[in-house]
file target-v1.pdb (PDB, C-alpha atoms)
MODEL        1
ATOM      1  CA  MET A   1      -8.061  88.911 -26.586  1.00  0.00           C
ATOM      2  CA  VAL A   2      -5.263  87.940 -24.196  1.00  0.00           C
ATOM      3  CA  VAL A   3      -6.270  85.292 -21.663  1.00  0.00           C
ATOM      4  CA  PRO A   4      -4.506  85.707 -18.309  1.00  0.00           C
ATOM      5  CA  ALA A   5      -2.499  82.757 -17.034  1.00  0.00           C
ATOM      6  CA  PRO A   6      -3.940  80.738 -14.158  1.00  0.00           C
ATOM      7  CA  THR A   7      -2.630  81.748 -10.749  1.00  0.00           C
ATOM      8  CA  LEU A   8      -2.295  80.209  -7.314  1.00  0.00           C
ATOM      9  CA  ASP A   9      -1.392  82.436  -4.380  1.00  0.00           C
ATOM     10  CA  ILE A  10      -0.966  81.651  -0.706  1.00  0.00           C
ATOM     11  CA  LEU A  11      -2.437  84.282   1.591  1.00  0.00           C
ATOM     12  CA  LEU A  12      -1.243  84.769   5.150  1.00  0.00           C
ATOM     13  CA  LEU A  13      -4.243  85.694   7.301  1.00  0.00           C
ATOM     14  CA  ASP A  14      -4.600  87.349  10.672  1.00  0.00           C
ATOM     15  CA  MET A  15      -6.831  85.877  13.390  1.00  0.00           C
ATOM     16  CA  HIS A  16      -9.871  87.540  11.754  1.00  0.00           C
ATOM     17  CA  TRP A  17      -8.974  85.961   8.391  1.00  0.00           C
ATOM     18  CA  ARG A  18      -7.901  89.260   6.839  1.00  0.00           C
ATOM     19  CA  PRO A  19      -4.976  89.015   4.401  1.00  0.00           C
ATOM     20  CA  ILE A  20      -1.676  90.253   5.823  1.00  0.00           C
ATOM     21  CA  GLY A  21       0.628  88.821   3.165  1.00  0.00           C
ATOM     22  CA  ARG A  22       0.601  87.132  -0.231  1.00  0.00           C
ATOM     23  CA  LEU A  23       3.054  84.592  -1.648  1.00  0.00           C
ATOM     24  CA  ASP A  24       2.946  83.003  -5.089  1.00  0.00           C
ATOM     25  CA  ARG A  25       2.919  79.273  -5.797  1.00  0.00           C
ATOM     26  CA  ALA A  26       6.635  79.243  -6.567  1.00  0.00           C
ATOM     27  CA  THR A  27       7.457  80.117  -2.954  1.00  0.00           C
ATOM     28  CA  PRO A  28       9.053  77.102  -1.210  1.00  0.00           C
ATOM     29  CA  TRP A  29       6.971  75.740   1.676  1.00  0.00           C
ATOM     30  CA  ARG A  30       9.760  76.355   4.170  1.00  0.00           C
ATOM     31  CA  VAL A  31       9.566  80.055   3.247  1.00  0.00           C
ATOM     32  CA  VAL A  32       5.750  80.031   3.513  1.00  0.00           C
ATOM     33  CA  ILE A  33       5.955  78.495   6.995  1.00  0.00           C
ATOM     34  CA  ALA A  34       8.719  80.897   8.084  1.00  0.00           C
ATOM     35  CA  ALA A  35       6.710  83.890   6.798  1.00  0.00           C
ATOM     36  CA  SER A  36       3.589  82.641   8.557  1.00  0.00           C
ATOM     37  CA  LEU A  37       5.392  82.203  11.868  1.00  0.00           C
ATOM     38  CA  ALA A  38       7.173  85.561  11.541  1.00  0.00           C
ATOM     39  CA  ALA A  39       3.821  87.289  10.931  1.00  0.00           C
ATOM     40  CA  ASP A  40       2.222  85.342  13.790  1.00  0.00           C
ATOM     41  CA  SER A  41      -0.266  84.034  11.238  1.00  0.00           C
ATOM     42  CA  ARG A  42      -1.955  80.765  12.145  1.00  0.00           C
ATOM     43  CA  TRP A  43      -4.259  80.780   9.119  1.00  0.00           C
ATOM     44  CA  LEU A  44      -3.544  80.464   5.407  1.00  0.00           C
ATOM     45  CA  ALA A  45      -5.813  80.574   2.373  1.00  0.00           C
ATOM     46  CA  LEU A  46      -5.278  79.443  -1.190  1.00  0.00           C
ATOM     47  CA  GLU A  47      -6.492  81.811  -3.881  1.00  0.00           C
ATOM     48  CA  GLN A  48      -6.591  80.292  -7.323  1.00  0.00           C
ATOM     49  CA  GLY A  49      -7.369  82.228 -10.470  1.00  0.00           C
ATOM     50  CA  ARG A  50      -8.819  80.640 -13.571  1.00  0.00           C
ATOM     51  CA  ALA A  51      -9.262  82.388 -16.867  1.00  0.00           C
ATOM     52  CA  ASP A  52     -10.392  79.517 -19.050  1.00  0.00           C
ATOM     53  CA  ASP A  53     -13.933  78.898 -20.276  1.00  0.00           C
ATOM     54  CA  SER A  54     -14.834  76.504 -17.472  1.00  0.00           C
ATOM     55  CA  LEU A  55     -16.718  77.513 -14.357  1.00  0.00           C
ATOM     56  CA  PRO A  56     -14.722  77.895 -11.149  1.00  0.00           C
ATOM     57  CA  CYS A  57     -15.727  74.442  -9.868  1.00  0.00           C
ATOM     58  CA  PRO A  58     -12.991  72.427  -8.170  1.00  0.00           C
ATOM     59  CA  LEU A  59     -11.200  69.775 -10.167  1.00  0.00           C
ATOM     60  CA  PRO A  60     -10.015  66.538  -8.518  1.00  0.00           C
ATOM     61  CA  THR A  61      -6.490  67.996  -8.479  1.00  0.00           C
ATOM     62  CA  ASP A  62      -7.766  71.083  -6.603  1.00  0.00           C
ATOM     63  CA  ILE A  63      -9.359  68.883  -3.942  1.00  0.00           C
ATOM     64  CA  THR A  64      -6.194  66.786  -3.620  1.00  0.00           C
ATOM     65  CA  LEU A  65      -4.075  69.936  -3.266  1.00  0.00           C
ATOM     66  CA  THR A  66      -6.376  71.399  -0.611  1.00  0.00           C
ATOM     67  CA  ARG A  67      -6.378  68.222   1.467  1.00  0.00           C
ATOM     68  CA  ALA A  68      -2.599  67.817   1.212  1.00  0.00           C
ATOM     69  CA  VAL A  69      -1.920  71.428   2.238  1.00  0.00           C
ATOM     70  CA  ARG A  70      -4.273  71.197   5.196  1.00  0.00           C
ATOM     71  CA  ARG A  71      -2.814  67.875   6.339  1.00  0.00           C
ATOM     72  CA  ARG A  72       0.742  69.263   6.217  1.00  0.00           C
ATOM     73  CA  LEU A  73      -0.069  72.520   8.024  1.00  0.00           C
ATOM     74  CA  ARG A  74      -1.988  71.123  10.991  1.00  0.00           C
ATOM     75  CA  PRO A  75       0.988  69.615  12.890  1.00  0.00           C
ATOM     76  CA  LEU A  76       2.585  73.090  12.762  1.00  0.00           C
ATOM     77  CA  GLY A  77      -0.405  74.759  14.405  1.00  0.00           C
ATOM     78  CA  ILE A  78      -1.436  76.423  11.143  1.00  0.00           C
ATOM     79  CA  ASP A  79      -4.761  75.746   9.452  1.00  0.00           C
ATOM     80  CA  LEU A  80      -6.255  76.376   6.043  1.00  0.00           C
ATOM     81  CA  ALA A  81      -9.064  78.930   6.246  1.00  0.00           C
ATOM     82  CA  ASP A  82     -10.253  78.499   2.661  1.00  0.00           C
ATOM     83  CA  HIS A  83      -9.350  77.666  -0.914  1.00  0.00           C
ATOM     84  CA  VAL A  84     -11.065  80.077  -3.265  1.00  0.00           C
ATOM     85  CA  ILE A  85     -11.171  79.601  -7.027  1.00  0.00           C
ATOM     86  CA  ARG A  86     -11.769  82.887  -8.812  1.00  0.00           C
ATOM     87  CA  HIS A  87     -13.025  83.245 -12.358  1.00  0.00           C
ATOM     88  CA  PRO A  88     -13.895  86.463 -14.202  1.00  0.00           C
ATOM     89  CA  THR A  89     -17.618  85.729 -13.800  1.00  0.00           C
ATOM     90  CA  ALA A  90     -17.857  83.786 -10.499  1.00  0.00           C
ATOM     91  CA  SER A  91     -15.952  82.227  -7.622  1.00  0.00           C
ATOM     92  CA  PHE A  92     -16.006  79.008  -5.596  1.00  0.00           C
ATOM     93  CA  SER A  93     -15.160  78.739  -1.895  1.00  0.00           C
ATOM     94  CA  PHE A  94     -14.230  75.345  -0.489  1.00  0.00           C
ATOM     95  CA  ARG A  95     -15.313  76.472   3.008  1.00  0.00           C
ATOM     96  CA  ALA A  96     -18.678  77.894   1.885  1.00  0.00           C
ATOM     97  CA  ASN A  97     -19.392  74.683   0.006  1.00  0.00           C
ATOM     98  CA  GLY A  98     -18.558  72.398   2.956  1.00  0.00           C
ATOM     99  CA  LEU A  99     -15.267  71.060   1.600  1.00  0.00           C
ATOM    100  CA  LEU A 100     -13.203  72.418   4.530  1.00  0.00           C
TER     101      LEU A 100
ENDMDL
END
call {"tool": "encode", "arguments": {"input": "target-v1.pdb", "output": "structure tokens"}}
result
Amino acid sequence: MVVPAPTLDILLLDMHWRPIGRLDRATPWRVVIAASLAADSRWLALEQGRADDSLPCPLPTDITLTRAVRRRLRPLGIDLADHVIRHPTASFSFRANGLL
């Protein structure tokens, strides 16, 4: 069985939090910000995929990443709508669990 590699995508969201664009983690932040402003998107979401045997619970590094991204976006008038960790059997939403 081939186990998919973990992923981390940045979603550009419209004002109703619907995805209007997707960028991968290798995209430089200046490009993410430019794409967000060009799309008139004031909301971003992180979508992380895990394929390992662990549950999709956040690790300390996930929490640190989420806080850092949110802190850096706010002065630009952009906010983080959610950070979702997806797993083949379940998912975890930072917003739904009170971490945003």
call {"tool": "atom_distance", "arguments": {"input": "target-v1.pdb", "atom1": "atom CA of A:Asp24", "atom2": "atom CA of A:Asp9"}}
result
4.4 Å
call {"tool": "residues_around", "arguments": {"input": "target-v1.pdb", "residues": "A:Thr7", "least_positions_apart": "4", "cutoff": "7 Å", "atoms": "only C-alpha atoms", "output": "list in words"}}
result
Gln48, Gly49 and Arg50 of chain A
call {"tool": "residues_around", "arguments": {"input": "target-v1.pdb", "residues": "stretch 13-16 of chain A", "least_positions_apart": "2", "cutoff": "12 Å", "atoms": "only C-alpha atoms", "output": "list in words"}}
result
Ile10, Leu11, Arg18, Pro19, Ile20, Gly21, Arg22, Leu23, Ala35, Ser36, Leu37, Ala38, Ala39, Asp40, Ser41, Arg42, Trp43, Leu44, Ala45, Leu46, Ile78, Asp79, Leu80, Ala81 and Asp82 of chain A
call {"tool": "residues_around", "arguments": {"input": "target-v1.pdb", "residues": "A:Ser93", "least_positions_apart": "5", "cutoff": "7 Å", "atoms": "all atoms listed in the file", "output": "ChimeraX atom specification"}}
result
/A:82-85
call {"tool": "atom_distance", "arguments": {"input": "target-v1.pdb", "atom1": "atom CA of A:Ala26", "atom2": "atom CA of A:Leu8"}}
result
9.0 Å
call {"tool": "residues_around", "arguments": {"input": "target-v1.pdb", "residues": "A:Pro58", "least_positions_apart": "5", "cutoff": "9 Å", "atoms": "only C-alpha atoms", "output": "MDAnalysis selection string"}}
result
chainID A and resid 63 85 92 94
call {"tool": "atom_distance", "arguments": {"input": "target-v1.pdb", "atom1": "atom CA of A:Pro56", "atom2": "atom CA of A:Arg25"}}
result
18.5 Å
call {"tool": "resolve_selection", "arguments": {"input": "target-v1.pdb", "expression": "the PyMOL selection byres ((chain A and resi 88) around 9)", "output": "PyMOL selection string"}}
result
chain A and resi 49-51+86-87+89-91
call {"tool": "closest_residue", "arguments": {"input": "target-v1.pdb", "among": "A:Leu12, A:Pro28, A:Ile33, A:Gly98", "to": "A:Pro75", "atoms": "all atoms listed in the file"}}
result
A:Ile33
call {"tool": "closest_residue", "arguments": {"input": "target-v1.pdb", "among": "A:Cys57, A:Glu47, A:Pro6, A:Arg67", "to": "A:Asn97", "atoms": "only C-alpha atoms"}}
result
A:Cys57
call {"tool": "closest_residue", "arguments": {"input": "target-v1.pdb", "among": "A:Leu55, A:Ala34, A:Pro60, A:Arg95", "to": "A:Leu76", "atoms": "all atoms listed in the file"}}
result
A:Ala34
call {"tool": "build_atoms", "arguments": {"input": "target-v1.pdb", "residues": "stretch 68-79 of chain A", "atoms": "all heavy atoms", "output": "CSV table (one decimal), in the frame of the given file"}}
result
chain,number,residue,atom,x,y,z
A,68,ALA,N,-4.0,68.0,0.9
A,68,ALA,CA,-2.6,67.8,1.2
A,68,ALA,C,-2.0,69.0,2.0
A,68,ALA,O,-1.3,68.8,3.0
A,68,ALA,CB,-1.8,67.6,-0.1
A,69,VAL,N,-2.4,70.2,1.6
A,69,VAL,CA,-1.9,71.4,2.2
A,69,VAL,C,-2.4,71.4,3.7
A,69,VAL,O,-1.7,71.7,4.6
A,69,VAL,CB,-2.4,72.7,1.5
A,69,VAL,CG1,-2.1,73.9,2.3
A,69,VAL,CG2,-1.6,72.8,0.2
A,70,ARG,N,-3.7,71.2,3.8
A,70,ARG,CA,-4.3,71.2,5.2
A,70,ARG,C,-3.6,70.2,6.1
A,70,ARG,O,-3.3,70.4,7.3
A,70,ARG,CB,-5.8,71.0,5.1
A,70,ARG,CG,-6.5,71.2,6.4
A,70,ARG,CD,-8.0,71.3,6.2
A,70,ARG,NE,-8.6,71.9,7.4
A,70,ARG,CZ,-9.8,71.7,7.7
A,70,ARG,NH1,-10.6,71.0,7.0
A,70,ARG,NH2,-10.3,72.3,8.8
A,71,ARG,N,-3.4,69.0,5.6
A,71,ARG,CA,-2.8,67.9,6.3
A,71,ARG,C,-1.4,68.2,6.8
A,71,ARG,O,-1.0,67.9,7.9
A,71,ARG,CB,-2.8,66.6,5.5
A,71,ARG,CG,-2.5,65.3,6.2
A,71,ARG,CD,-2.8,64.1,5.4
A,71,ARG,NE,-2.3,64.2,4.0
A,71,ARG,CZ,-3.0,64.2,2.9
A,71,ARG,NH1,-4.3,64.3,3.0
A,71,ARG,NH2,-2.5,64.3,1.7
A,72,ARG,N,-0.6,68.9,5.9
A,72,ARG,CA,0.7,69.3,6.2
A,72,ARG,C,0.9,70.5,7.2
A,72,ARG,O,1.8,70.6,7.9
A,72,ARG,CB,1.5,69.5,4.9
A,72,ARG,CG,1.7,68.2,4.2
A,72,ARG,CD,2.6,68.4,3.0
A,72,ARG,NE,2.8,67.1,2.4
A,72,ARG,CZ,2.8,66.8,1.1
A,72,ARG,NH1,2.5,67.8,0.3
A,72,ARG,NH2,3.0,65.6,0.7
A,73,LEU,N,-0.1,71.3,7.2
A,73,LEU,CA,-0.1,72.5,8.0
A,73,LEU,C,-0.5,72.2,9.5
A,73,LEU,O,0.1,72.8,10.4
A,73,LEU,CB,-1.0,73.6,7.5
A,73,LEU,CG,-0.6,74.3,6.2
A,73,LEU,CD1,-1.7,75.2,5.7
A,73,LEU,CD2,0.7,75.0,6.3
A,74,ARG,N,-1.4,71.4,9.7
A,74,ARG,CA,-2.0,71.1,11.0
A,74,ARG,C,-1.0,70.8,12.1
A,74,ARG,O,-1.0,71.3,13.2
A,74,ARG,CB,-3.0,70.0,10.9
A,74,ARG,CG,-4.4,70.6,10.5
A,74,ARG,CD,-5.5,69.8,10.9
A,74,ARG,NE,-6.7,70.5,10.8
A,74,ARG,CZ,-7.9,70.0,10.9
A,74,ARG,NH1,-8.0,68.7,11.2
A,74,ARG,NH2,-8.9,70.7,10.7
A,75,PRO,N,0.0,69.9,11.8
A,75,PRO,CA,1.0,69.6,12.9
A,75,PRO,C,1.8,70.8,13.3
A,75,PRO,O,2.4,70.9,14.4
A,75,PRO,CB,1.9,68.5,12.3
A,75,PRO,CG,1.1,68.0,11.2
A,75,PRO,CD,0.2,69.0,10.7
A,76,LEU,N,1.8,71.9,12.5
A,76,LEU,CA,2.6,73.1,12.8
A,76,LEU,C,1.7,74.1,13.5
A,76,LEU,O,2.2,75.2,13.8
A,76,LEU,CB,3.1,73.7,11.5
A,76,LEU,CG,4.0,72.7,10.7
A,76,LEU,CD1,4.3,73.3,9.3
A,76,LEU,CD2,5.3,72.5,11.4
A,77,GLY,N,0.5,73.8,13.7
A,77,GLY,CA,-0.4,74.8,14.4
A,77,GLY,C,-1.0,75.8,13.5
A,77,GLY,O,-1.4,76.9,13.9
A,78,ILE,N,-0.9,75.5,12.2
A,78,ILE,CA,-1.4,76.4,11.1
A,78,ILE,C,-2.6,75.7,10.4
A,78,ILE,O,-2.5,74.5,10.2
A,78,ILE,CB,-0.3,76.8,10.1
A,78,ILE,CG1,0.8,77.5,10.9
A,78,ILE,CG2,-0.9,77.7,9.0
A,78,ILE,CD1,2.1,77.7,10.0
A,79,ASP,N,-3.6,76.4,10.1
A,79,ASP,CA,-4.8,75.7,9.5
A,79,ASP,C,-5.1,76.5,8.2
A,79,ASP,O,-4.7,77.6,8.0
A,79,ASP,CB,-6.0,75.7,10.4
A,79,ASP,CG,-6.9,74.6,10.0
A,79,ASP,OD1,-6.7,73.9,9.0
A,79,ASP,OD2,-7.9,74.3,10.7
